[in-house]
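Chemist: Structure provided below as structure tokens; questions to follow.
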Amino acid sequence: MKLSWYGTAAVMLESDGYRIMFDPFLGIELNESLCRRKLQAVRYRTADAVLVTHGHFDHIMDIPKVYQNSEIEIYATETPCKTLLSRGVGKEKLRLITPGIGFHLGPFTIKVYQGRHCRFDLGVMLKTVLKKDTLTHPKRLYQLIQLNRSYAENGETLFFEIEAEGKRIQLMGSMGLDLDTAYPTRADVLILPFQGTSNPAKTVRPIIAKLQPKSILLDHYDNSFPPMSSHIKTVGFTARLTRDGLPAAAMKHSKVYII
């Protein structure tokens with residue numbers, strides 16, 4: 001099985017020539033590269049299906065544009081489906097999914113669990129307001145806040161477990177677990193978002209303890225929609241996990257990982 005990451009929560013899995021794209025997002029940079037965005041969109045269009053973890057703008061905003069001339073099926077919960085419908089995605093493309101179901105896509109078996117979005121604490125909000133990019137681009141932060149409000153999450157963040165080729169991958173939509181959900185443990189890989197609180201390393205410790213993965217790959221640690229986002233340092237955290245016997249790394253953009 002092949003795994004690639006393209007920034008934020010955009011992850012592609014491939015097995016036996018079948019590709020699933022999770023949360024395709026092109027980024028909203030202060031100095032945007034049109035060439036990079038076009039190349040990213042081309043990559044996303046090679047997918048056979050799209051799965052959505054939740055409805056925030058950095059997870060679904062670019063779906064209408066990227067797949068406007070495609071017959072690709074998009075699997076999402078009720079709120080992001082409604083948002084995508086309102087932004088021009090045809091009803092025939094949307095497939096409603098809910099926690100507790102399982103289904104097959106090509107060689108993949110997908111199981112859907114309730115997740116939980118991370119809670120933005122006072123520390124991360126203060127860091128965002130006082131950072132250099134915010135002070136030099138205050139209107140951009142306001143625009144992103146308004147954009148986020150128009151793309152509701154509505155408590156529908158999902159947690160996916162994907163199985164193919166005898167391997168299990170768990171993919172979290174945000175840095176939180178539902179307290180009432182019994183999750184399977186010991187997945188071969190846990191894809192773990194690493195942004196959203198003032199101390200991500202502390203936030204994810206109980207998650208790791210509960211899921212007990214065999215290895216960890218971090219995503220969503222990058223600065224893909226400044227000044228709301230930041231580049232989070234990961235080296236110290238992943239090094240400590242690896243020293244303790246749990247292989248961990250922050251994924252590198254566009255690198256192909258063999259699972």
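Residue numbering restarts at 1 in every chain; chains get A, B, ... in the order shown in the structure tokens, and ligands count up from 1 in that same order.
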Which residues of stretch 185-250 of chain A come within 7 Å of stretch 115-129 of chain A, and what is each one's closest atom pair and distance in Å (one decimal), counting only C-alpha atoms, sorted by chain and residue number, as a Markdown table?
Modeler:
```
| residue | atom | partner | partner_atom | distance |
| --- | --- | --- | --- | --- |
| A:Gly196 | CA | A:Phe120 | CA | 5.8 |
| A:Thr197 | CA | A:Phe120 | CA | 5.5 |
| A:Ser198 | CA | A:Val124 | CA | 4.5 |
| A:Pro227 | CA | A:Thr128 | CA | 6.8 |
| A:Met228 | CA | A:Thr128 | CA | 6.2 |
```
Chemist: Find the spatial neighbours of A:Pro206, counting only C-alpha atoms, within a cut-off of 10 Å - ignore same-chain residues fewer than 5 positions away - and output them as a list in words.
Modeler: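 Neighbouring residues, sequence-local ones excluded: Gly176, Leu177, Ala201, Leu211 and Gln212 of chain A.
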Chemist: Any chance you can output those residues with N, CA and C atoms as a PDB file, in the first residue's frame?
Modeler:
```
ATOM      1  N   GLY A 176      -8.369  14.680  18.257  1.00  0.00           N
ATOM      2  CA  GLY A 176      -9.239  14.355  19.371  1.00  0.00           C
ATOM      3  C   GLY A 176      -9.969  13.048  19.128  1.00  0.00           C
ATOM      4  N   LEU A 177     -10.329  12.357  20.215  1.00  0.00           N
ATOM      5  CA  LEU A 177     -11.092  11.109  20.145  1.00  0.00           C
ATOM      6  C   LEU A 177     -12.412  11.282  20.887  1.00  0.00           C
ATOM      7  N   ALA A 201       2.059  18.111  21.602  1.00  0.00           N
ATOM      8  CA  ALA A 201       2.699  16.906  22.136  1.00  0.00           C
ATOM      9  C   ALA A 201       1.951  16.389  23.369  1.00  0.00           C
ATOM     10  N   LEU A 211      -4.877   4.330  21.598  1.00  0.00           N
ATOM     11  CA  LEU A 211      -4.903   3.608  20.326  1.00  0.00           C
ATOM     12  C   LEU A 211      -3.766   2.597  20.183  1.00  0.00           C
ATOM     13  N   GLN A 212      -2.650   2.832  20.873  1.00  0.00           N
ATOM     14  CA  GLN A 212      -1.496   1.931  20.855  1.00  0.00           C
ATOM     15  C   GLN A 212      -1.059   1.552  19.429  1.00  0.00           C
TER      16      GLN A 212
END
```
Chemist: From the list A:Pro193, A:Pro226, A:Pro247, A:Gly55, which residue is nearest A:Glu29 when using only C-alpha atoms?
Modeler: A:Pro226
Chemist: Give me the residues within 7 Å of stretch 170-173 of chain A as a PDB file with C-alpha atoms, in the first residue's frame, counting only C-alpha atoms and dropping any in the same chain fewer than 3 places off.
Modeler:
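File produced: result30.pdb:
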```
ATOM      1  CA  THR A  53     -13.178  13.754   7.707  1.00  0.00           C
ATOM      2  CA  HIS A  54     -15.157  16.944   8.484  1.00  0.00           C
ATOM      3  CA  THR A 157     -15.438  14.894  12.742  1.00  0.00           C
ATOM      4  CA  LEU A 158     -14.694  11.336  11.656  1.00  0.00           C
ATOM      5  CA  PHE A 159     -12.007   8.770  12.402  1.00  0.00           C
ATOM      6  CA  PHE A 160     -11.328   6.271   9.606  1.00  0.00           C
ATOM      7  CA  GLU A 161      -9.741   2.850   9.733  1.00  0.00           C
ATOM      8  CA  ILE A 162      -8.626   1.646   6.301  1.00  0.00           C
ATOM      9  CA  ALA A 187      -3.063  -0.318  13.805  1.00  0.00           C
ATOM     10  CA  VAL A 189       0.029   3.220  11.087  1.00  0.00           C
ATOM     11  CA  LEU A 190      -1.763   6.080  12.841  1.00  0.00           C
ATOM     12  CA  ILE A 191      -2.008   9.291  10.801  1.00  0.00           C
ATOM     13  CA  LEU A 192      -2.174  11.931  13.491  1.00  0.00           C
ATOM     14  CA  PRO A 193      -2.943  15.658  12.995  1.00  0.00           C
TER      15      PRO A 193
END
```
Chemist: Got a sec to tell me which of stretch 118-246 of chain A DSSP assigns to alpha helix (DSSP H), as a PyMOL selection string?
Modeler: chain A and resi 122-130+132-136+138-150+200-211+235-243
Chemist: Can I get the selection written as a PDB file, in the first residue's frame, with C-alpha atoms?
Modeler:
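Saved to out27.pdb:
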```pdb
ATOM      1  CA  LEU A 122      -6.363  30.355  24.910  1.00  0.00           C
ATOM      2  CA  GLY A 123      -2.662  29.767  24.331  1.00  0.00           C
ATOM      3  CA  VAL A 124      -2.987  28.893  20.656  1.00  0.00           C
ATOM      4  CA  MET A 125      -5.401  31.784  20.090  1.00  0.00           C
ATOM      5  CA  LEU A 126      -2.986  34.276  21.656  1.00  0.00           C
ATOM      6  CA  LYS A 127      -0.065  32.912  19.627  1.00  0.00           C
ATOM      7  CA  THR A 128      -2.126  33.296  16.462  1.00  0.00           C
ATOM      8  CA  VAL A 129      -3.146  36.887  17.201  1.00  0.00           C
ATOM      9  CA  LEU A 130       0.357  38.008  18.170  1.00  0.00           C
ATOM     10  CA  LYS A 132       4.222  38.340  12.844  1.00  0.00           C
ATOM     11  CA  ASP A 133       2.069  37.204   9.902  1.00  0.00           C
ATOM     12  CA  THR A 134      -1.075  38.305  11.761  1.00  0.00           C
ATOM     13  CA  LEU A 135       0.341  41.726  12.589  1.00  0.00           C
ATOM     14  CA  THR A 136       1.345  42.281   8.957  1.00  0.00           C
ATOM     15  CA  PRO A 138      -4.635  41.355   9.973  1.00  0.00           C
ATOM     16  CA  LYS A 139      -7.352  41.308   7.303  1.00  0.00           C
ATOM     17  CA  ARG A 140      -6.284  37.855   6.170  1.00  0.00           C
ATOM     18  CA  LEU A 141      -6.850  36.402   9.662  1.00  0.00           C
ATOM     19  CA  TYR A 142     -10.299  37.986   9.805  1.00  0.00           C
ATOM     20  CA  GLN A 143     -11.122  36.555   6.366  1.00  0.00           C
ATOM     21  CA  LEU A 144     -10.026  33.063   7.430  1.00  0.00           C
ATOM     22  CA  ILE A 145     -12.099  33.249  10.628  1.00  0.00           C
ATOM     23  CA  GLN A 146     -15.162  34.198   8.578  1.00  0.00           C
ATOM     24  CA  LEU A 147     -14.376  31.439   6.090  1.00  0.00           C
ATOM     25  CA  ASN A 148     -14.129  28.882   8.881  1.00  0.00           C
ATOM     26  CA  ARG A 149     -17.532  29.935  10.195  1.00  0.00           C
ATOM     27  CA  SER A 150     -19.096  29.340   6.793  1.00  0.00           C
ATOM     28  CA  PRO A 200       0.208  19.349  20.601  1.00  0.00           C
ATOM     29  CA  ALA A 201       2.699  16.906  22.136  1.00  0.00           C
ATOM     30  CA  LYS A 202       0.773  16.923  25.419  1.00  0.00           C
ATOM     31  CA  THR A 203      -2.590  16.732  23.653  1.00  0.00           C
ATOM     32  CA  VAL A 204      -1.755  13.594  21.678  1.00  0.00           C
ATOM     33  CA  ARG A 205      -0.195  11.562  24.501  1.00  0.00           C
ATOM     34  CA  PRO A 206      -3.527  10.130  25.762  1.00  0.00           C
ATOM     35  CA  ILE A 207      -4.570   9.496  22.146  1.00  0.00           C
ATOM     36  CA  ILE A 208      -1.464   7.429  21.523  1.00  0.00           C
ATOM     37  CA  ALA A 209      -1.904   5.605  24.835  1.00  0.00           C
ATOM     38  CA  LYS A 210      -5.483   4.697  23.936  1.00  0.00           C
ATOM     39  CA  LEU A 211      -4.903   3.608  20.326  1.00  0.00           C
ATOM     40  CA  VAL A 235      11.474  16.705  15.459  1.00  0.00           C
ATOM     41  CA  GLY A 236      11.805  16.570  19.239  1.00  0.00           C
ATOM     42  CA  PHE A 237       8.442  14.872  19.679  1.00  0.00           C
ATOM     43  CA  THR A 238       8.969  12.205  17.012  1.00  0.00           C
ATOM     44  CA  ALA A 239      12.528  11.554  18.217  1.00  0.00           C
ATOM     45  CA  ARG A 240      11.290  10.884  21.759  1.00  0.00           C
ATOM     46  CA  LEU A 241       8.632   8.469  20.525  1.00  0.00           C
ATOM     47  CA  THR A 242      11.131   6.640  18.342  1.00  0.00           C
ATOM     48  CA  ARG A 243      13.635   6.359  21.222  1.00  0.00           C
TER      49      ARG A 243
END
```
Chemist: Excluding stretch 2-4 of chain A and its own-chain neighbours fewer than 4 positions away, which residues fall within 9 Å of it when counting only C-alpha atoms? Please give them as number ranges by chain.
Modeler: A: 10-15, 251-259
Chemist: For stretch 22-27 of chain A, find every residue with an atom within 9 Å (counting only C-alpha atoms), except residues of its own chain fewer than 3 positions away, and show them as a compact mmCIF listing (two decimals) with C-alpha atoms, in the first residue's frame.
Modeler:
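That gives us part.txt:
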```txt
# COMPACT_ATOMS: atom_id res chain seq x y z
CA TYR A 6 0.16 16.84 0.17
CA GLY A 7 -0.13 19.31 3.02
CA THR A 8 -2.71 19.99 5.76
CA ALA A 9 -4.86 16.82 5.99
CA ALA A 10 -4.65 15.89 2.29
CA VAL A 11 -3.62 12.23 2.18
CA MET A 12 -3.78 9.75 -0.68
CA LEU A 13 -3.79 5.98 -0.23
CA GLU A 32 0.50 31.65 -3.42
CA ARG A 36 2.06 24.50 -7.29
CA ARG A 37 -1.73 24.68 -6.86
CA LYS A 38 -2.32 23.46 -10.41
CA GLN A 40 -1.63 19.65 -6.66
CA ALA A 41 -5.05 19.71 -8.31
CA TYR A 44 -5.93 15.03 -6.59
CA ALA A 49 -12.89 8.31 -4.56
CA VAL A 50 -12.76 11.15 -2.00
CA LEU A 51 -13.34 10.73 1.73
CA VAL A 52 -13.99 13.73 3.99
CA THR A 53 -13.18 13.75 7.71
CA HIS A 54 -15.16 16.94 8.48
CA PHE A 57 -12.72 24.89 4.85
CA ASP A 58 -9.24 23.33 4.90
CA HIS A 59 -10.81 19.92 4.33
CA ILE A 60 -13.51 20.52 1.69
CA MET A 61 -13.23 24.03 0.21
CA ASP A 62 -11.39 22.97 -2.95
CA ILE A 63 -13.51 19.89 -3.73
CA VAL A 66 -10.92 20.21 -8.28
CA GLY A 173 -9.69 14.08 11.06
CA ASN A 223 1.57 26.38 7.66
CA SER A 224 -0.84 26.04 4.74
CA PHE A 225 -3.30 28.84 5.58
```
Chemist: Figure out the distance between atom CA of A:Lys93 and atom CA of A:Glu73, please, to one decimal in Å.
Modeler: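 Separation between atom CA of A:Glu73 and atom CA of A:Lys93: 4.8 Å.
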Chemist: Between atom CA of A:Lys214 and atom CA of A:Glu165, what is the spacing in Å?
Modeler: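 One can read the atom CA of A:Glu165 to atom CA of A:Lys214 distance as 16.4 Å.
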